>>> print(open('query_26.cif').read())   # mmCIF, N, CA and C atoms
data_run
#
loop_
_atom_site.group_PDB
_atom_site.id
_atom_site.type_symbol
_atom_site.label_atom_id
_atom_site.label_comp_id
_atom_site.auth_asym_id
_atom_site.auth_seq_id
_atom_site.Cartn_x
_atom_site.Cartn_y
_atom_site.Cartn_z
ATOM 1 N N MET A 1 -45.886 0.282 -9.829
ATOM 2 C CA MET A 1 -45.742 1.444 -10.682
ATOM 3 C C MET A 1 -44.520 2.271 -10.278
ATOM 4 N N LEU A 2 -44.294 2.345 -8.974
ATOM 5 C CA LEU A 2 -43.143 3.106 -8.482
ATOM 6 C C LEU A 2 -41.835 2.477 -8.960
ATOM 7 N N ALA A 3 -41.785 1.150 -8.958
ATOM 8 C CA ALA A 3 -40.575 0.465 -9.425
ATOM 9 C C ALA A 3 -40.323 0.747 -10.904
ATOM 10 N N LEU A 4 -41.381 0.794 -11.697
ATOM 11 C CA LEU A 4 -41.243 1.097 -13.120
ATOM 12 C C LEU A 4 -40.718 2.520 -13.327
ATOM 13 N N LEU A 5 -41.250 3.461 -12.572
ATOM 14 C CA LEU A 5 -40.780 4.845 -12.691
ATOM 15 C C LEU A 5 -39.324 4.969 -12.242
ATOM 16 N N ASN A 6 -38.947 4.247 -11.190
ATOM 17 C CA ASN A 6 -37.551 4.259 -10.753
ATOM 18 C C ASN A 6 -36.635 3.674 -11.821
ATOM 19 N N LEU A 7 -37.082 2.588 -12.455
ATOM 20 C CA LEU A 7 -36.304 1.974 -13.521
ATOM 21 C C LEU A 7 -36.148 2.923 -14.707
ATOM 22 N N LEU A 8 -37.224 3.597 -15.081
ATOM 23 C CA LEU A 8 -37.154 4.560 -16.183
ATOM 24 C C LEU A 8 -36.198 5.704 -15.861
ATOM 25 N N GLN A 9 -36.216 6.152 -14.615
ATOM 26 C CA GLN A 9 -35.303 7.221 -14.228
ATOM 27 C C GLN A 9 -33.854 6.786 -14.392
ATOM 28 N N VAL A 10 -33.534 5.576 -13.981
ATOM 29 C CA VAL A 10 -32.164 5.083 -14.105
ATOM 30 C C VAL A 10 -31.784 4.922 -15.573
ATOM 31 N N VAL A 11 -32.697 4.383 -16.369
ATOM 32 C CA VAL A 11 -32.428 4.179 -17.796
ATOM 33 C C VAL A 11 -32.183 5.517 -18.493
ATOM 34 N N LEU A 12 -32.841 6.557 -18.072
ATOM 35 C CA LEU A 12 -32.638 7.881 -18.662
ATOM 36 C C LEU A 12 -31.425 8.593 -18.068
ATOM 37 N N TYR A 13 -31.150 8.338 -16.801
ATOM 38 C CA TYR A 13 -30.074 9.033 -16.094
ATOM 39 C C TYR A 13 -28.694 8.634 -16.615
ATOM 40 N N ILE A 14 -28.512 7.363 -16.927
ATOM 41 C CA ILE A 14 -27.200 6.888 -17.369
ATOM 42 C C ILE A 14 -26.761 7.547 -18.674
ATOM 43 N N PRO A 15 -27.579 7.557 -19.733
ATOM 44 C CA PRO A 15 -27.113 8.243 -20.951
ATOM 45 C C PRO A 15 -27.024 9.766 -20.778
ATOM 46 N N LEU A 16 -27.850 10.328 -19.893
ATOM 47 C CA LEU A 16 -27.722 11.767 -19.626
ATOM 48 C C LEU A 16 -26.338 12.080 -19.065
ATOM 49 N N LEU A 17 -25.897 11.293 -18.103
ATOM 50 C CA LEU A 17 -24.562 11.513 -17.542
ATOM 51 C C LEU A 17 -23.476 11.239 -18.574
ATOM 52 N N GLY A 18 -23.703 10.251 -19.438
ATOM 53 C CA GLY A 18 -22.746 9.986 -20.508
ATOM 54 C C GLY A 18 -22.602 11.161 -21.456
ATOM 55 N N LEU A 19 -23.719 11.797 -21.783
ATOM 56 C CA LEU A 19 -23.662 12.965 -22.671
ATOM 57 C C LEU A 19 -23.011 14.163 -21.986
ATOM 58 N N VAL A 20 -23.246 14.322 -20.692
ATOM 59 C CA VAL A 20 -22.582 15.407 -19.950
ATOM 60 C C VAL A 20 -21.076 15.160 -19.910
ATOM 61 N N GLY A 21 -20.677 13.910 -19.700
ATOM 62 C CA GLY A 21 -19.254 13.568 -19.714
ATOM 63 C C GLY A 21 -18.619 13.805 -21.071
ATOM 64 N N GLN A 22 -19.344 13.484 -22.134
ATOM 65 C CA GLN A 22 -18.839 13.756 -23.483
ATOM 66 C C GLN A 22 -18.638 15.241 -23.697
ATOM 67 N N ALA A 23 -19.580 16.033 -23.206
ATOM 68 C CA ALA A 23 -19.455 17.492 -23.354
ATOM 69 C C ALA A 23 -18.238 18.012 -22.590
ATOM 70 N N ALA A 24 -18.003 17.466 -21.404
ATOM 71 C CA ALA A 24 -16.835 17.894 -20.625
ATOM 72 C C ALA A 24 -15.542 17.521 -21.351
ATOM 73 N N LEU A 25 -15.489 16.317 -21.899
ATOM 74 C CA LEU A 25 -14.291 15.929 -22.640
ATOM 75 C C LEU A 25 -14.151 16.713 -23.938
ATOM 76 N N TYR A 26 -15.254 17.136 -24.519
ATOM 77 C CA TYR A 26 -15.201 17.994 -25.705
ATOM 78 C C TYR A 26 -14.481 19.291 -25.367
ATOM 79 N N VAL A 27 -14.773 19.811 -24.186
ATOM 80 C CA VAL A 27 -14.151 21.073 -23.760
ATOM 81 C C VAL A 27 -12.684 20.859 -23.394
ATOM 82 N N PHE A 28 -12.402 19.823 -22.607
ATOM 83 C CA PHE A 28 -11.049 19.638 -22.084
ATOM 84 C C PHE A 28 -10.092 18.971 -23.064
ATOM 85 N N ALA A 29 -10.556 18.010 -23.841
ATOM 86 C CA ALA A 29 -9.653 17.265 -24.724
ATOM 87 C C ALA A 29 -9.609 17.836 -26.134
ATOM 88 N N GLY A 30 -10.616 18.603 -26.513
ATOM 89 C CA GLY A 30 -10.626 19.200 -27.840
ATOM 90 C C GLY A 30 -10.714 18.164 -28.945
ATOM 91 N N HIS A 31 -9.931 18.342 -29.989
ATOM 92 C CA HIS A 31 -10.010 17.440 -31.138
ATOM 93 C C HIS A 31 -9.427 16.058 -30.832
ATOM 94 N N ARG A 32 -8.662 15.925 -29.750
ATOM 95 C CA ARG A 32 -8.076 14.628 -29.392
ATOM 96 C C ARG A 32 -9.057 13.720 -28.653
ATOM 97 N N ARG A 33 -10.274 14.182 -28.440
ATOM 98 C CA ARG A 33 -11.246 13.392 -27.678
ATOM 99 C C ARG A 33 -11.617 12.095 -28.392
ATOM 100 N N GLU A 34 -11.556 12.072 -29.718
ATOM 101 C CA GLU A 34 -11.939 10.873 -30.473
ATOM 102 C C GLU A 34 -11.006 9.690 -30.201
ATOM 103 N N THR A 35 -9.784 9.958 -29.743
ATOM 104 C CA THR A 35 -8.854 8.872 -29.418
ATOM 105 C C THR A 35 -8.867 8.535 -27.931
ATOM 106 N N ASN A 36 -9.655 9.256 -27.151
ATOM 107 C CA ASN A 36 -9.728 9.049 -25.709
ATOM 108 C C ASN A 36 -10.613 7.844 -25.400
ATOM 109 N N LEU A 37 -10.090 6.895 -24.647
ATOM 110 C CA LEU A 37 -10.828 5.679 -24.315
ATOM 111 C C LEU A 37 -12.069 5.982 -23.490
ATOM 112 N N PHE A 38 -11.963 6.916 -22.549
ATOM 113 C CA PHE A 38 -13.099 7.275 -21.706
ATOM 114 C C PHE A 38 -14.209 7.921 -22.534
ATOM 115 N N TYR A 39 -13.838 8.739 -23.510
ATOM 116 C CA TYR A 39 -14.820 9.360 -24.392
ATOM 117 C C TYR A 39 -15.572 8.299 -25.192
ATOM 118 N N LYS A 40 -14.848 7.301 -25.671
ATOM 119 C CA LYS A 40 -15.477 6.216 -26.433
ATOM 120 C C LYS A 40 -16.435 5.413 -25.549
ATOM 121 N N LEU A 41 -16.074 5.210 -24.286
ATOM 122 C CA LEU A 41 -16.959 4.514 -23.360
ATOM 123 C C LEU A 41 -18.237 5.328 -23.127
ATOM 124 N N LEU A 42 -18.103 6.626 -22.961
ATOM 125 C CA LEU A 42 -19.276 7.479 -22.778
ATOM 126 C C LEU A 42 -20.148 7.496 -24.029
ATOM 127 N N GLN A 43 -19.532 7.462 -25.198
ATOM 128 C CA GLN A 43 -20.303 7.378 -26.442
ATOM 129 C C GLN A 43 -21.088 6.077 -26.504
ATOM 130 N N LEU A 44 -20.480 5.008 -26.035
ATOM 131 C CA LEU A 44 -21.130 3.703 -26.047
ATOM 132 C C LEU A 44 -22.384 3.701 -25.159
ATOM 133 N N LEU A 45 -22.325 4.407 -24.033
ATOM 134 C CA LEU A 45 -23.467 4.476 -23.125
ATOM 135 C C LEU A 45 -24.659 5.194 -23.748
ATOM 136 N N SER A 46 -24.396 6.202 -24.530
ATOM 137 C CA SER A 46 -25.490 7.003 -25.080
ATOM 138 C C SER A 46 -25.789 6.698 -26.546
ATOM 139 N N LYS A 47 -25.056 5.772 -27.133
ATOM 140 C CA LYS A 47 -25.209 5.495 -28.567
ATOM 141 C C LYS A 47 -26.620 5.064 -28.970
ATOM 142 N N PRO A 48 -27.317 4.189 -28.218
ATOM 143 C CA PRO A 48 -28.667 3.821 -28.658
ATOM 144 C C PRO A 48 -29.616 5.018 -28.744
ATOM 145 N N PHE A 49 -29.453 5.955 -27.838
ATOM 146 C CA PHE A 49 -30.332 7.117 -27.817
ATOM 147 C C PHE A 49 -29.963 8.117 -28.908
ATOM 148 N N THR A 50 -28.667 8.336 -29.123
ATOM 149 C CA THR A 50 -28.264 9.245 -30.202
ATOM 150 C C THR A 50 -28.625 8.647 -31.564
ATOM 151 N N TRP A 51 -28.540 7.316 -31.699
ATOM 152 C CA TRP A 51 -28.937 6.661 -32.946
ATOM 153 C C TRP A 51 -30.421 6.896 -33.211
ATOM 154 N N LEU A 52 -31.231 6.759 -32.163
ATOM 155 C CA LEU A 52 -32.672 6.953 -32.313
ATOM 156 C C LEU A 52 -33.001 8.399 -32.690
ATOM 157 N N VAL A 53 -32.349 9.348 -32.050
ATOM 158 C CA VAL A 53 -32.590 10.762 -32.380
ATOM 159 C C VAL A 53 -32.127 11.063 -33.795
ATOM 160 N N ARG A 54 -31.018 10.481 -34.227
ATOM 161 C CA ARG A 54 -30.555 10.672 -35.607
ATOM 162 C C ARG A 54 -31.588 10.145 -36.591
ATOM 163 N N ARG A 55 -32.225 9.011 -36.269
ATOM 164 C CA ARG A 55 -33.219 8.415 -37.159
ATOM 165 C C ARG A 55 -34.491 9.252 -37.248
ATOM 166 N N ILE A 56 -34.907 9.892 -36.150
ATOM 167 C CA ILE A 56 -36.165 10.637 -36.171
ATOM 168 C C ILE A 56 -35.986 12.101 -36.532
ATOM 169 N N SER A 57 -34.744 12.578 -36.536
ATOM 170 C CA SER A 57 -34.529 13.990 -36.860
ATOM 171 C C SER A 57 -34.436 14.174 -38.370
ATOM 172 N N PRO A 58 -34.775 15.373 -38.840
ATOM 173 C CA PRO A 58 -34.669 15.644 -40.287
ATOM 174 C C PRO A 58 -33.218 15.555 -40.757
ATOM 175 N N ALA A 59 -33.039 15.300 -42.032
ATOM 176 C CA ALA A 59 -31.695 15.127 -42.604
ATOM 177 C C ALA A 59 -30.871 16.406 -42.521
ATOM 178 N N ARG A 60 -31.529 17.539 -42.474
ATOM 179 C CA ARG A 60 -30.765 18.789 -42.446
ATOM 180 C C ARG A 60 -30.168 19.104 -41.078
ATOM 181 N N VAL A 61 -30.525 18.325 -40.053
ATOM 182 C CA VAL A 61 -29.888 18.481 -38.741
ATOM 183 C C VAL A 61 -28.487 17.892 -38.837
ATOM 184 N N ALA A 62 -27.499 18.708 -38.539
ATOM 185 C CA ALA A 62 -26.109 18.259 -38.651
ATOM 186 C C ALA A 62 -25.809 17.185 -37.606
ATOM 187 N N ASP A 63 -24.924 16.271 -37.965
ATOM 188 C CA ASP A 63 -24.562 15.183 -37.057
ATOM 189 C C ASP A 63 -23.950 15.697 -35.756
ATOM 190 N N ARG A 64 -23.292 16.830 -35.815
ATOM 191 C CA ARG A 64 -22.672 17.361 -34.595
ATOM 192 C C ARG A 64 -23.709 17.921 -33.626
ATOM 193 N N HIS A 65 -24.938 18.155 -34.078
ATOM 194 C CA HIS A 65 -25.999 18.653 -33.206
ATOM 195 C C HIS A 65 -26.842 17.546 -32.589
ATOM 196 N N VAL A 66 -26.700 16.340 -33.090
ATOM 197 C CA VAL A 66 -27.519 15.225 -32.608
ATOM 198 C C VAL A 66 -27.295 14.930 -31.122
ATOM 199 N N PRO A 67 -26.058 14.922 -30.617
ATOM 200 C CA PRO A 67 -25.897 14.677 -29.174
ATOM 201 C C PRO A 67 -26.601 15.726 -28.305
ATOM 202 N N PHE A 68 -26.585 16.978 -28.724
ATOM 203 C CA PHE A 68 -27.274 18.011 -27.957
ATOM 204 C C PHE A 68 -28.788 17.798 -27.998
ATOM 205 N N ALA A 69 -29.311 17.457 -29.170
ATOM 206 C CA ALA A 69 -30.745 17.174 -29.284
ATOM 207 C C ALA A 69 -31.117 15.955 -28.449
ATOM 208 N N THR A 70 -30.250 14.955 -28.433
ATOM 209 C CA THR A 70 -30.482 13.770 -27.610
ATOM 210 C C THR A 70 -30.521 14.148 -26.141
ATOM 211 N N PHE A 71 -29.571 14.985 -25.723
ATOM 212 C CA PHE A 71 -29.539 15.431 -24.333
ATOM 213 C C PHE A 71 -30.830 16.149 -23.964
ATOM 214 N N CYS A 72 -31.286 17.036 -24.827
ATOM 215 C CA CYS A 72 -32.515 17.789 -24.542
ATOM 216 C C CYS A 72 -33.729 16.869 -24.436
ATOM 217 N N LEU A 73 -33.844 15.909 -25.343
ATOM 218 C CA LEU A 73 -34.982 14.981 -25.308
ATOM 219 C C LEU A 73 -34.918 14.060 -24.090
ATOM 220 N N LEU A 74 -33.721 13.584 -23.756
ATOM 221 C CA LEU A 74 -33.577 12.735 -22.566
ATOM 222 C C LEU A 74 -33.879 13.517 -21.290
ATOM 223 N N LEU A 75 -33.431 14.755 -21.245
ATOM 224 C CA LEU A 75 -33.707 15.583 -20.074
ATOM 225 C C LEU A 75 -35.205 15.839 -19.930
ATOM 226 N N LEU A 76 -35.870 16.097 -21.029
ATOM 227 C CA LEU A 76 -37.314 16.296 -21.001
ATOM 228 C C LEU A 76 -38.026 15.025 -20.529
ATOM 229 N N ALA A 77 -37.619 13.888 -21.050
ATOM 230 C CA ALA A 77 -38.217 12.616 -20.630
ATOM 231 C C ALA A 77 -37.947 12.349 -19.157
ATOM 232 N N TYR A 78 -36.744 12.654 -18.700
ATOM 233 C CA TYR A 78 -36.397 12.466 -17.288
ATOM 234 C C TYR A 78 -37.266 13.345 -16.395
ATOM 235 N N LEU A 79 -37.482 14.580 -16.813
ATOM 236 C CA LEU A 79 -38.326 15.484 -16.030
ATOM 237 C C LEU A 79 -39.778 15.005 -15.987
ATOM 238 N N VAL A 80 -40.273 14.492 -17.100
ATOM 239 C CA VAL A 80 -41.644 13.962 -17.137
ATOM 240 C C VAL A 80 -41.775 12.766 -16.198
ATOM 241 N N VAL A 81 -40.814 11.852 -16.242
ATOM 242 C CA VAL A 81 -40.854 10.678 -15.361
ATOM 243 C C VAL A 81 -40.764 11.115 -13.900
ATOM 244 N N THR A 82 -39.927 12.094 -13.605
ATOM 245 C CA THR A 82 -39.800 12.588 -12.234
ATOM 246 C C THR A 82 -41.100 13.225 -11.760
ATOM 247 N N MET A 83 -41.749 13.983 -12.618
ATOM 248 C CA MET A 83 -43.026 14.599 -12.239
ATOM 249 C C MET A 83 -44.087 13.529 -11.999
ATOM 250 N N GLU A 84 -44.099 12.491 -12.815
ATOM 251 C CA GLU A 84 -45.036 11.383 -12.615
ATOM 252 C C GLU A 84 -44.759 10.670 -11.297
ATOM 253 N N LYS A 85 -43.498 10.519 -10.975
ATOM 254 C CA LYS A 85 -43.127 9.872 -9.712
ATOM 255 C C LYS A 85 -43.582 10.711 -8.525
ATOM 256 N N ILE A 86 -43.397 12.000 -8.614
ATOM 257 C CA ILE A 86 -43.849 12.899 -7.550
ATOM 258 C C ILE A 86 -45.358 12.843 -7.423
ATOM 259 N N SER A 87 -46.046 12.857 -8.553
ATOM 260 C CA SER A 87 -47.503 12.783 -8.541
ATOM 261 C C SER A 87 -47.983 11.486 -7.902
ATOM 262 N N LEU A 88 -47.348 10.380 -8.255
ATOM 263 C CA LEU A 88 -47.708 9.085 -7.671
ATOM 264 C C LEU A 88 -47.461 9.073 -6.166
ATOM 265 N N CYS A 89 -46.357 9.617 -5.746
ATOM 266 C CA CYS A 89 -46.035 9.642 -4.321
ATOM 267 C C CYS A 89 -47.011 10.518 -3.542
ATOM 268 N N LEU A 90 -47.477 11.579 -4.152
ATOM 269 C CA LEU A 90 -48.452 12.431 -3.478
ATOM 270 C C LEU A 90 -49.821 11.756 -3.395
ATOM 271 N N ARG A 91 -50.157 10.930 -4.398
ATOM 272 C CA ARG A 91 -51.438 10.223 -4.371
ATOM 273 C C ARG A 91 -51.461 9.100 -3.340
ATOM 274 N N VAL A 92 -50.403 8.291 -3.312
ATOM 275 C CA VAL A 92 -50.401 7.128 -2.413
ATOM 276 C C VAL A 92 -49.847 7.454 -1.037
ATOM 277 N N GLY A 93 -49.221 8.568 -0.894
ATOM 278 C CA GLY A 93 -48.632 8.961 0.377
ATOM 279 C C GLY A 93 -47.118 8.854 0.297
ATOM 280 N N VAL A 94 -46.481 9.835 0.856
ATOM 281 C CA VAL A 94 -45.023 9.909 0.775
ATOM 282 C C VAL A 94 -44.380 8.749 1.537
ATOM 283 N N GLU A 95 -45.011 8.268 2.587
ATOM 284 C CA GLU A 95 -44.449 7.176 3.373
ATOM 285 C C GLU A 95 -44.322 5.894 2.552
ATOM 286 N N LEU A 96 -45.208 5.655 1.607
ATOM 287 C CA LEU A 96 -45.156 4.452 0.786
ATOM 288 C C LEU A 96 -44.134 4.555 -0.333
ATOM 289 N N CYS A 97 -43.586 5.711 -0.581
ATOM 290 C CA CYS A 97 -42.640 5.907 -1.664
ATOM 291 C C CYS A 97 -41.182 5.758 -1.227
ATOM 292 N N LYS A 98 -40.966 5.430 0.003
ATOM 293 C CA LYS A 98 -39.587 5.311 0.474
ATOM 294 C C LYS A 98 -38.973 4.019 0.113
#
>>> encode(input="query_26.cif", output="structure tokens")
Amino acid sequence: MLALLNLLQVVLYIPLLGLVGQAALYVFAGHRRETNLFYKLLQLLSKPFTWLVRRISPARVADRHVPFATFCLLLLAYLVVTMEKISLCLRVGVELCK
């Protein structure tokens, strides 16, 4: 179970960092970010999750808000997985969680 929770954390952590990187490039590169190769790579990392959020969100949610909504949902999921991991480690003993 611990291995599964660790795997889920990594799967959630990678697109979270990709979205944070996109936000940083949004600030620093401005409108030229769409031609930035690094920005496109970061978009590729988080694209499956942003696609899923776009599909489940109402049509009136603007496309420019979808990455932020994706970030919020991924962060919430990451926190839930982390709390479950902490709970598991407290049940089985901290020594077994190393």
>>> atom_distance(input="query_26.cif", atom1="atom CA of Val53 of chain A", atom2="atom CA of Ala69 of chain A")
7.4 Å
>>> closest_residue(input="query_26.cif", among="A:Arg91, A:Thr70, A:Leu96, A:Tyr26", to="Leu52 of chain A", atoms="only N, CA and C atoms")
A:Thr70
>>> atom_distance(input="query_26.cif", atom1="atom CA of Met1 of chain A", atom2="atom CA of Val20 of chain A")
28.6 Å
>>> closest_residue(input="query_26.cif", among="A:His31, A:Tyr13, A:Val94, A:Ala3", to="Ala77 of chain A", atoms="only C-alpha atoms")
A:Tyr13
>>> axis_aligned_box(input="query_26.cif", around="segment 35-41 of chain A", padding_each_side="6 Å", output="JSON")
{"center_x": -13.5, "center_y": 7.2, "center_z": -25.7, "size_x": 21.4, "size_y": 17.4, "size_z": 20.0}
>>> closest_residue(input="query_26.cif", among="A:Leu19, A:Leu74, A:Ala62, A:Ala24", to="Leu44 of chain A", atoms="only C-alpha atoms")
A:Leu19
>>> atom_distance(input="query_26.cif", atom1="atom CA of Val11 of chain A", atom2="atom CA of Thr82 of chain A")
12.5 Å
>>> closest_residue(input="query_26.cif", among="A:Phe28, A:Arg54, A:Gly18, A:Lys85", to="Leu41 of chain A", atoms="all atoms listed in the file")
A:Gly18
>>> select_by_dssp(input="query_26.cif", residues="chain A", states="alpha helix (DSSP H)", output="PyMOL selection string")
chain A and resi 2-29+37-56+66-92
>>> resolve_selection(input="query_26.cif", expression="the PyMOL selection byres ((chain A and resi 2) around 8)", output="tab-separated table (two decimals) with N, CA and C atoms, in the frame of the given file")
chain	number	residue	atom	x	y	z
A	1	MET	N	-45.89	0.28	-9.83
A	1	MET	CA	-45.74	1.44	-10.68
A	1	MET	C	-44.52	2.27	-10.28
A	3	ALA	N	-41.78	1.15	-8.96
A	3	ALA	CA	-40.58	0.46	-9.43
A	3	ALA	C	-40.32	0.75	-10.90
A	4	LEU	N	-41.38	0.79	-11.70
A	4	LEU	CA	-41.24	1.10	-13.12
A	4	LEU	C	-40.72	2.52	-13.33
A	5	LEU	N	-41.25	3.46	-12.57
A	5	LEU	CA	-40.78	4.84	-12.69
A	5	LEU	C	-39.32	4.97	-12.24
A	6	ASN	N	-38.95	4.25	-11.19
A	6	ASN	CA	-37.55	4.26	-10.75
A	6	ASN	C	-36.64	3.67	-11.82
A	7	LEU	N	-37.08	2.59	-12.46
A	7	LEU	CA	-36.30	1.97	-13.52
A	7	LEU	C	-36.15	2.92	-14.71
A	8	LEU	N	-37.22	3.60	-15.08
A	8	LEU	CA	-37.15	4.56	-16.18
A	8	LEU	C	-36.20	5.70	-15.86
A	85	LYS	N	-43.50	10.52	-10.98
A	85	LYS	CA	-43.13	9.87	-9.71
A	85	LYS	C	-43.58	10.71	-8.52
A	88	LEU	N	-47.35	10.38	-8.26
A	88	LEU	CA	-47.71	9.09	-7.67
A	88	LEU	C	-47.46	9.07	-6.17
A	89	CYS	N	-46.36	9.62	-5.75
A	89	CYS	CA	-46.04	9.64	-4.32
A	89	CYS	C	-47.01	10.52	-3.54
A	97	CYS	N	-43.59	5.71	-0.58
A	97	CYS	CA	-42.64	5.91	-1.66
A	97	CYS	C	-41.18	5.76	-1.23
>>> resolve_selection(input="query_26.cif", expression="the PyMOL selection byres (((chain A and resi 45 and name CA) around 12) and name CA)", output="ChimeraX atom specification")
/A:11-22,38-44,46-51
>>> decode(input="query_26.cif", residues="segment 46-57 of chain A", atoms="N, CA and C atoms", output="JSON list (two decimals), in the first residue's frame")
[["chain", "number", "residue", "atom", "x", "y", "z"],
["A", 46, "SER", "N", 1.66, 18.24, -18.29],
["A", 46, "SER", "CA", 0.39, 18.41, -17.59],
["A", 46, "SER", "C", -0.83, 18.28, -18.50],
["A", 47, "LYS", "N", -0.60, 18.04, -19.78],
["A", 47, "LYS", "CA", -1.71, 18.02, -20.74],
["A", 47, "LYS", "C", -2.79, 16.98, -20.43],
["A", 48, "PRO", "N", -2.45, 15.74, -20.02],
["A", 48, "PRO", "CA", -3.53, 14.79, -19.73],
["A", 48, "PRO", "C", -4.45, 15.26, -18.61],
["A", 49, "PHE", "N", -3.89, 15.94, -17.63],
["A", 49, "PHE", "CA", -4.68, 16.40, -16.50],
["A", 49, "PHE", "C", -5.51, 17.63, -16.87],
["A", 50, "THR", "N", -4.92, 18.56, -17.62],
["A", 50, "THR", "CA", -5.69, 19.73, -18.05],
["A", 50, "THR", "C", -6.80, 19.32, -19.02],
["A", 51, "TRP", "N", -6.54, 18.30, -19.86],
["A", 51, "TRP", "CA", -7.58, 17.80, -20.76],
["A", 51, "TRP", "C", -8.75, 17.23, -19.96],
["A", 52, "LEU", "N", -8.42, 16.47, -18.92],
["A", 52, "LEU", "CA", -9.47, 15.88, -18.09],
["A", 52, "LEU", "C", -10.29, 16.95, -17.37],
["A", 53, "VAL", "N", -9.63, 17.95, -16.84],
["A", 53, "VAL", "CA", -10.35, 19.04, -16.16],
["A", 53, "VAL", "C", -11.20, 19.82, -17.15],
["A", 54, "ARG", "N", -10.71, 20.03, -18.36],
["A", 54, "ARG", "CA", -11.50, 20.71, -19.39],
["A", 54, "ARG", "C", -12.76, 19.91, -19.70],
["A", 55, "ARG", "N", -12.65, 18.58, -19.74],
["A", 55, "ARG", "CA", -13.79, 17.73, -20.05],
["A", 55, "ARG", "C", -14.84, 17.73, -18.94],
["A", 56, "ILE", "N", -14.42, 17.81, -17.67],
["A", 56, "ILE", "CA", -15.38, 17.74, -16.58],
["A", 56, "ILE", "C", -15.88, 19.10, -16.13],
["A", 57, "SER", "N", -15.23, 20.16, -16.58],
["A", 57, "SER", "CA", -15.66, 21.50, -16.16],
["A", 57, "SER", "C", -16.78, 21.99, -17.06]]
